[in-house]
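Below is one structure, written out as structure tokens; the observations come after it.
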Amino acid sequence: MIYVFFFMNIDSVFLQLYRPLCLYAIHYLKDVDAAEDVVQDAFVRLIERMREEEIANTKNYLYTTVRNLCIDHLQQSAHVNDRIAPQDTDGIITDEEAIDTATREARLWTAIDTLPSRCREIFLMSKRDGKKYREIAQELSISEKTVEHQVSKALRVLRSKVSDFFYFLFAA
């Protein structure tokens, strides 16, 4: 019975924190695949540790583990004898900023995932890929007005779901 609760708890933690942790790791590693590997390793360590003892704050444990694994990854990929200390990464982005940004980005991507598929596709082509409405219309064999309407619809939905939405669109 305890194991059932344990795995249900891990499932909810995974669903809640996987994406923000990946985005957090990307701030350090600048590599999506490496970030996903690090986050998966952190969850494995969490499960192993929870079998031995109770963890008071799972979220803090995971963020600290991901940060340490990122530092380990950077040390291994640097192929140098110098050790990278946690404070050496502070000039890049502070932990608080990285956690806050990763959480916001995760909320935005979760909201984008809820858009209807065609609307999401057109929105991402416009905002993520930087394509002009005319290019999207030609590529998808639809009118520019349809593209304009779908982007407008996506913006309206995202504004209603993510309060700090415009911070992400224009803060880069």
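Naming works like this for the structure tokens: A, B, ... for the chains as they're shown, residue 1 at the start of each chain, ligands 1 onward in shown order.
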Exercise for the section: For Lys153 of chain A, work out the shell of residues within 12 Å, counting only C-alpha atoms and skipping chain neighbours fewer than 6 positions away, then give it as a list of chain:residue names. Expected result: A:Ile112, A:Leu115, A:Pro116, A:Arg118, A:Cys119, A:Arg120, A:Ile122, A:Phe123, A:Thr146, A:Val147, A:Arg159, A:Ser160
Practice task
Give the answer as one residue: which of A:Asp33, A:Glu97, A:Glu148, A:Asp41 has the shortest atom-to-atom distance to Lys132 of chain A, using only C-alpha atoms?
Solution key: A:Glu148
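By chain and then residue number, the residues within 12 Å of Ile10 of chain A are Tyr3, Val4, Phe5, Leu15, Gln16, Leu17, Tyr18, Phe43, Val44, Arg45, Leu46, Ile47, Glu48, Met50, Arg51, Ile55, Thr58, Lys59 and Leu62 of chain A, counting only C-alpha atoms and disregarding those fewer than 5 positions away in sequence.
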Using only C-alpha atoms, determine which residues lie at most 10 Å from segment 102-106 of chain A, disregarding the query and same-chain residues fewer than 3 positions distant; provide the list as a JSON list (two decimals) with all heavy atoms, in the first residue's frame.
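Result file is part-v5.json:
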[["chain", "number", "residue", "atom", "x", "y", "z"],
["A", 16, "GLN", "N", 4.23, 17.56, -12.68],
["A", 16, "GLN", "CA", 4.30, 18.97, -12.31],
["A", 16, "GLN", "C", 5.67, 19.58, -12.59],
["A", 16, "GLN", "O", 5.75, 20.74, -13.00],
["A", 16, "GLN", "CB", 3.99, 19.10, -10.82],
["A", 16, "GLN", "CG", 4.05, 20.51, -10.31],
["A", 16, "GLN", "CD", 3.83, 20.60, -8.80],
["A", 16, "GLN", "OE1", 3.81, 19.59, -8.11],
["A", 16, "GLN", "NE2", 3.66, 21.80, -8.32],
["A", 17, "LEU", "N", 6.76, 18.82, -12.39],
["A", 17, "LEU", "CA", 8.09, 19.43, -12.42],
["A", 17, "LEU", "C", 8.98, 19.04, -13.59],
["A", 17, "LEU", "O", 10.03, 19.66, -13.79],
["A", 17, "LEU", "CB", 8.83, 19.10, -11.11],
["A", 17, "LEU", "CG", 8.24, 19.71, -9.85],
["A", 17, "LEU", "CD1", 9.02, 19.25, -8.63],
["A", 17, "LEU", "CD2", 8.23, 21.22, -9.94],
["A", 18, "TYR", "N", 8.62, 18.05, -14.38],
["A", 18, "TYR", "CA", 9.52, 17.60, -15.45],
["A", 18, "TYR", "C", 9.87, 18.73, -16.41],
["A", 18, "TYR", "O", 11.04, 19.02, -16.66],
["A", 18, "TYR", "CB", 8.93, 16.42, -16.21],
["A", 18, "TYR", "CG", 9.84, 15.95, -17.32],
["A", 18, "TYR", "CD1", 10.96, 15.19, -17.03],
["A", 18, "TYR", "CD2", 9.60, 16.28, -18.65],
["A", 18, "TYR", "CE1", 11.82, 14.77, -18.04],
["A", 18, "TYR", "CE2", 10.45, 15.87, -19.65],
["A", 18, "TYR", "CZ", 11.56, 15.10, -19.35],
["A", 18, "TYR", "OH", 12.42, 14.70, -20.35],
["A", 19, "ARG", "N", 8.87, 19.39, -16.95],
["A", 19, "ARG", "CA", 9.12, 20.45, -17.93],
["A", 19, "ARG", "C", 9.89, 21.63, -17.31],
["A", 19, "ARG", "O", 10.90, 22.06, -17.89],
["A", 19, "ARG", "CB", 7.82, 20.93, -18.56],
["A", 19, "ARG", "CG", 8.03, 21.95, -19.65],
["A", 19, "ARG", "CD", 6.76, 22.32, -20.34],
["A", 19, "ARG", "NE", 6.57, 21.47, -21.50],
["A", 19, "ARG", "CZ", 5.45, 21.40, -22.19],
["A", 19, "ARG", "NH1", 4.41, 22.11, -21.85],
["A", 19, "ARG", "NH2", 5.37, 20.64, -23.25],
["A", 20, "PRO", "N", 9.48, 22.15, -16.14],
["A", 20, "PRO", "CA", 10.28, 23.24, -15.55],
["A", 20, "PRO", "C", 11.72, 22.83, -15.25],
["A", 20, "PRO", "O", 12.64, 23.63, -15.44],
["A", 20, "PRO", "CB", 9.53, 23.59, -14.25],
["A", 20, "PRO", "CG", 8.15, 23.10, -14.45],
["A", 20, "PRO", "CD", 8.25, 21.93, -15.37],
["A", 21, "LEU", "N", 11.92, 21.60, -14.81],
["A", 21, "LEU", "CA", 13.29, 21.14, -14.53],
["A", 21, "LEU", "C", 14.12, 21.05, -15.82],
["A", 21, "LEU", "O", 15.30, 21.41, -15.82],
["A", 21, "LEU", "CB", 13.27, 19.79, -13.82],
["A", 21, "LEU", "CG", 12.86, 19.81, -12.35],
["A", 21, "LEU", "CD1", 12.56, 18.40, -11.86],
["A", 21, "LEU", "CD2", 13.94, 20.47, -11.50],
["A", 22, "CYS", "N", 13.50, 20.61, -16.89],
["A", 22, "CYS", "CA", 14.21, 20.56, -18.18],
["A", 22, "CYS", "C", 14.60, 21.97, -18.62],
["A", 22, "CYS", "O", 15.73, 22.21, -19.07],
["A", 22, "CYS", "CB", 13.36, 19.89, -19.25],
["A", 22, "CYS", "SG", 13.27, 18.10, -19.08],
["A", 23, "LEU", "N", 13.68, 22.90, -18.52],
["A", 23, "LEU", "CA", 13.98, 24.28, -18.90],
["A", 23, "LEU", "C", 15.06, 24.87, -18.00],
["A", 23, "LEU", "O", 15.93, 25.61, -18.46],
["A", 23, "LEU", "CB", 12.70, 25.13, -18.85],
["A", 23, "LEU", "CG", 11.66, 24.75, -19.91],
["A", 23, "LEU", "CD1", 10.32, 25.38, -19.59],
["A", 23, "LEU", "CD2", 12.13, 25.14, -21.29],
["A", 24, "TYR", "N", 15.03, 24.53, -16.73],
["A", 24, "TYR", "CA", 16.05, 24.96, -15.77],
["A", 24, "TYR", "C", 17.42, 24.42, -16.20],
["A", 24, "TYR", "O", 18.41, 25.15, -16.24],
["A", 24, "TYR", "CB", 15.66, 24.47, -14.38],
["A", 24, "TYR", "CG", 16.64, 24.74, -13.28],
["A", 24, "TYR", "CD1", 16.87, 26.02, -12.82],
["A", 24, "TYR", "CD2", 17.32, 23.69, -12.66],
["A", 24, "TYR", "CE1", 17.75, 26.28, -11.78],
["A", 24, "TYR", "CE2", 18.19, 23.93, -11.62],
["A", 24, "TYR", "CZ", 18.41, 25.22, -11.19],
["A", 24, "TYR", "OH", 19.27, 25.45, -10.16],
["A", 25, "ALA", "N", 17.47, 23.14, -16.54],
["A", 25, "ALA", "CA", 18.73, 22.53, -16.96],
["A", 25, "ALA", "C", 19.24, 23.12, -18.27],
["A", 25, "ALA", "O", 20.45, 23.27, -18.47],
["A", 25, "ALA", "CB", 18.56, 21.01, -17.08],
["A", 26, "ILE", "N", 18.34, 23.46, -19.16],
["A", 26, "ILE", "CA", 18.74, 24.06, -20.44],
["A", 26, "ILE", "C", 19.46, 25.38, -20.22],
["A", 26, "ILE", "O", 20.39, 25.72, -20.95],
["A", 26, "ILE", "CB", 17.52, 24.23, -21.37],
["A", 26, "ILE", "CG1", 17.05, 22.87, -21.86],
["A", 26, "ILE", "CG2", 17.85, 25.14, -22.55],
["A", 26, "ILE", "CD1", 15.71, 22.89, -22.57],
["A", 27, "HIS", "N", 19.08, 26.14, -19.18],
["A", 27, "HIS", "CA", 19.76, 27.40, -18.89],
["A", 27, "HIS", "C", 21.24, 27.17, -18.60],
["A", 27, "HIS", "O", 22.06, 28.03, -18.88],
["A", 27, "HIS", "CB", 19.09, 28.12, -17.72],
["A", 27, "HIS", "CG", 17.78, 28.73, -18.07],
["A", 27, "HIS", "ND1", 17.67, 29.84, -18.88],
["A", 27, "HIS", "CD2", 16.51, 28.37, -17.77],
["A", 27, "HIS", "CE1", 16.39, 30.15, -19.04],
["A", 27, "HIS", "NE2", 15.67, 29.27, -18.38],
["A", 96, "GLU", "N", 17.58, 31.40, -8.50],
["A", 96, "GLU", "CA", 16.21, 31.91, -8.36],
["A", 96, "GLU", "C", 15.65, 32.36, -9.70],
["A", 96, "GLU", "O", 14.50, 32.09, -10.03],
["A", 96, "GLU", "CB", 16.17, 33.08, -7.36],
["A", 96, "GLU", "CG", 16.50, 32.70, -5.94],
["A", 96, "GLU", "CD", 18.01, 32.53, -5.68],
["A", 96, "GLU", "OE1", 18.83, 33.12, -6.42],
["A", 96, "GLU", "OE2", 18.36, 31.80, -4.75],
["A", 97, "GLU", "N", 16.47, 33.05, -10.49],
["A", 97, "GLU", "CA", 16.03, 33.50, -11.82],
["A", 97, "GLU", "C", 15.76, 32.29, -12.72],
["A", 97, "GLU", "O", 14.77, 32.27, -13.45],
["A", 97, "GLU", "CB", 17.08, 34.39, -12.48],
["A", 97, "GLU", "CG", 17.25, 35.74, -11.85],
["A", 97, "GLU", "CD", 18.45, 36.49, -12.43],
["A", 97, "GLU", "OE1", 19.43, 35.85, -12.86],
["A", 97, "GLU", "OE2", 18.37, 37.72, -12.47],
["A", 98, "ALA", "N", 16.64, 31.31, -12.66],
["A", 98, "ALA", "CA", 16.48, 30.15, -13.51],
["A", 98, "ALA", "C", 15.22, 29.36, -13.15],
["A", 98, "ALA", "O", 14.47, 28.93, -14.03],
["A", 98, "ALA", "CB", 17.71, 29.25, -13.42],
["A", 99, "ILE", "N", 14.98, 29.18, -11.87],
["A", 99, "ILE", "CA", 13.78, 28.45, -11.44],
["A", 99, "ILE", "C", 12.53, 29.22, -11.82],
["A", 99, "ILE", "O", 11.57, 28.65, -12.37],
["A", 99, "ILE", "CB", 13.82, 28.18, -9.92],
["A", 99, "ILE", "CG1", 14.92, 27.16, -9.60],
["A", 99, "ILE", "CG2", 12.47, 27.69, -9.41],
["A", 99, "ILE", "CD1", 15.21, 27.01, -8.11],
["A", 109, "TRP", "N", 4.44, 26.91, -22.26],
["A", 109, "TRP", "CA", 4.43, 25.76, -23.17],
["A", 109, "TRP", "C", 3.26, 24.84, -22.89],
["A", 109, "TRP", "O", 2.69, 24.25, -23.82],
["A", 109, "TRP", "CB", 5.77, 25.02, -23.14],
["A", 109, "TRP", "CG", 6.79, 25.74, -23.95],
["A", 109, "TRP", "CD1", 7.83, 26.49, -23.48],
["A", 109, "TRP", "CD2", 6.83, 25.84, -25.37],
["A", 109, "TRP", "NE1", 8.52, 27.05, -24.54],
["A", 109, "TRP", "CE2", 7.94, 26.66, -25.71],
["A", 109, "TRP", "CE3", 6.05, 25.33, -26.40],
["A", 109, "TRP", "CZ2", 8.27, 26.97, -27.02],
["A", 109, "TRP", "CZ3", 6.39, 25.64, -27.71],
["A", 109, "TRP", "CH2", 7.49, 26.44, -28.01],
["A", 110, "THR", "N", 2.87, 24.72, -21.65],
["A", 110, "THR", "CA", 1.69, 23.92, -21.31],
["A", 110, "THR", "C", 0.46, 24.55, -21.93],
["A", 110, "THR", "O", -0.40, 23.86, -22.49],
["A", 110, "THR", "CB", 1.54, 23.79, -19.79],
["A", 110, "THR", "OG1", 2.71, 23.13, -19.28],
["A", 110, "THR", "CG2", 0.31, 22.99, -19.42],
["A", 111, "ALA", "N", 0.36, 25.88, -21.86],
["A", 111, "ALA", "CA", -0.77, 26.59, -22.46],
["A", 111, "ALA", "C", -0.74, 26.44, -23.98],
["A", 111, "ALA", "O", -1.78, 26.23, -24.62],
["A", 111, "ALA", "CB", -0.75, 28.06, -22.07],
["A", 112, "ILE", "N", 0.44, 26.53, -24.58],
["A", 112, "ILE", "CA", 0.55, 26.36, -26.04],
["A", 112, "ILE", "C", 0.11, 24.96, -26.44],
["A", 112, "ILE", "O", -0.56, 24.77, -27.45],
["A", 112, "ILE", "CB", 2.00, 26.66, -26.51],
["A", 112, "ILE", "CG1", 2.28, 28.17, -26.40],
["A", 112, "ILE", "CG2", 2.22, 26.18, -27.94],
["A", 112, "ILE", "CD1", 3.73, 28.56, -26.63],
["A", 162, "VAL", "N", -2.02, 32.55, -19.35],
["A", 162, "VAL", "CA", -0.70, 32.87, -18.80],
["A", 162, "VAL", "C", -0.61, 34.37, -18.61],
["A", 162, "VAL", "O", -0.49, 35.12, -19.57],
["A", 162, "VAL", "CB", 0.44, 32.37, -19.74],
["A", 162, "VAL", "CG1", 1.80, 32.64, -19.13],
["A", 162, "VAL", "CG2", 0.27, 30.89, -20.03],
["A", 163, "SER", "N", -0.64, 34.80, -17.36],
["A", 163, "SER", "CA", -0.69, 36.24, -17.07],
["A", 163, "SER", "C", 0.56, 36.99, -17.52],
["A", 163, "SER", "O", 0.48, 38.12, -17.96],
["A", 163, "SER", "CB", -0.91, 36.47, -15.58],
["A", 163, "SER", "OG", 0.14, 35.91, -14.83],
["A", 164, "ASP", "N", 1.72, 36.35, -17.44],
["A", 164, "ASP", "CA", 2.96, 37.03, -17.84],
["A", 164, "ASP", "C", 3.40, 36.59, -19.24],
["A", 164, "ASP", "O", 4.56, 36.53, -19.56],
["A", 164, "ASP", "CB", 4.08, 36.81, -16.82],
["A", 164, "ASP", "CG", 4.18, 35.36, -16.38],
["A", 164, "ASP", "OD1", 3.55, 34.49, -17.01],
["A", 164, "ASP", "OD2", 4.90, 35.12, -15.42],
["A", 165, "PHE", "N", 2.42, 36.31, -20.09],
["A", 165, "PHE", "CA", 2.64, 35.82, -21.44],
["A", 165, "PHE", "C", 3.54, 36.72, -22.27],
["A", 165, "PHE", "O", 4.47, 36.27, -22.92],
["A", 165, "PHE", "CB", 1.28, 35.63, -22.12],
["A", 165, "PHE", "CG", 1.35, 35.34, -23.58],
["A", 165, "PHE", "CD1", 1.87, 34.16, -24.04],
["A", 165, "PHE", "CD2", 0.91, 36.27, -24.50],
["A", 165, "PHE", "CE1", 1.94, 33.88, -25.39],
["A", 165, "PHE", "CE2", 0.97, 36.00, -25.85],
["A", 165, "PHE", "CZ", 1.49, 34.81, -26.28],
["A", 167, "TYR", "N", 5.78, 38.76, -21.46],
["A", 167, "TYR", "CA", 7.17, 38.75, -21.01],
["A", 167, "TYR", "C", 7.98, 37.79, -21.86],
["A", 167, "TYR", "O", 9.11, 38.06, -22.24],
["A", 167, "TYR", "CB", 7.21, 38.34, -19.53],
["A", 167, "TYR", "CG", 8.59, 38.01, -19.03],
["A", 167, "TYR", "CD1", 9.49, 39.01, -18.70],
["A", 167, "TYR", "CD2", 9.00, 36.68, -18.90],
["A", 167, "TYR", "CE1", 10.76, 38.72, -18.25],
["A", 167, "TYR", "CE2", 10.26, 36.38, -18.44],
["A", 167, "TYR", "CZ", 11.14, 37.39, -18.12],
["A", 167, "TYR", "OH", 12.39, 37.09, -17.68],
["A", 168, "PHE", "N", 7.43, 36.63, -22.19],
["A", 168, "PHE", "CA", 8.15, 35.62, -22.94],
["A", 168, "PHE", "C", 8.23, 35.94, -24.43],
["A", 168, "PHE", "O", 9.22, 35.66, -25.06],
["A", 168, "PHE", "CB", 7.50, 34.25, -22.75],
["A", 168, "PHE", "CG", 7.68, 33.74, -21.38],
["A", 168, "PHE", "CD1", 6.63, 33.72, -20.50],
["A", 168, "PHE", "CD2", 8.91, 33.33, -20.94],
["A", 168, "PHE", "CE1", 6.79, 33.28, -19.21],
["A", 168, "PHE", "CE2", 9.09, 32.88, -19.65],
["A", 168, "PHE", "CZ", 8.04, 32.85, -18.79]]
Compile the contact shell of Met125 of chain A as an mmCIF file with N, CA and C atoms, in the first residue's frame: residues with an atom at most 10 Å away, counting only C-alpha atoms, same-chain residues fewer than 6 positions apart removed.
data_model
loop_
_atom_site.group_PDB
_atom_site.id
_atom_site.type_symbol
_atom_site.label_atom_id
_atom_site.label_comp_id
_atom_site.auth_asym_id
_atom_site.auth_seq_id
_atom_site.Cartn_x
_atom_site.Cartn_y
_atom_site.Cartn_z
ATOM 1 N N CYS A 119 -4.062 25.571 -35.003
ATOM 2 C CA CYS A 119 -3.810 26.884 -34.415
ATOM 3 C C CYS A 119 -2.406 26.912 -33.792
ATOM 4 N N LYS A 131 8.355 33.203 -38.999
ATOM 5 C CA LYS A 131 7.873 33.290 -40.379
ATOM 6 C C LYS A 131 6.804 34.358 -40.494
ATOM 7 N N LYS A 132 6.757 34.981 -41.634
ATOM 8 C CA LYS A 132 5.745 35.987 -41.930
ATOM 9 C C LYS A 132 4.443 35.280 -42.311
ATOM 10 N N TYR A 133 3.332 36.004 -42.121
ATOM 11 C CA TYR A 133 2.025 35.424 -42.423
ATOM 12 C C TYR A 133 1.957 34.908 -43.858
ATOM 13 N N GLU A 135 4.386 33.735 -45.730
ATOM 14 C CA GLU A 135 5.140 32.480 -45.842
ATOM 15 C C GLU A 135 4.341 31.302 -45.285
ATOM 16 N N ILE A 136 3.709 31.522 -44.159
ATOM 17 C CA ILE A 136 2.905 30.464 -43.531
ATOM 18 C C ILE A 136 1.737 30.100 -44.430
ATOM 19 N N VAL A 151 -3.423 33.123 -35.451
ATOM 20 C CA VAL A 151 -2.437 33.715 -34.539
ATOM 21 C C VAL A 151 -3.156 34.572 -33.507
#
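Using only C-alpha atoms, the smallest distance between any of A:His149, A:Asn68, A:Glu36, A:Ser117 and Ala137 of chain A comes from A:His149.
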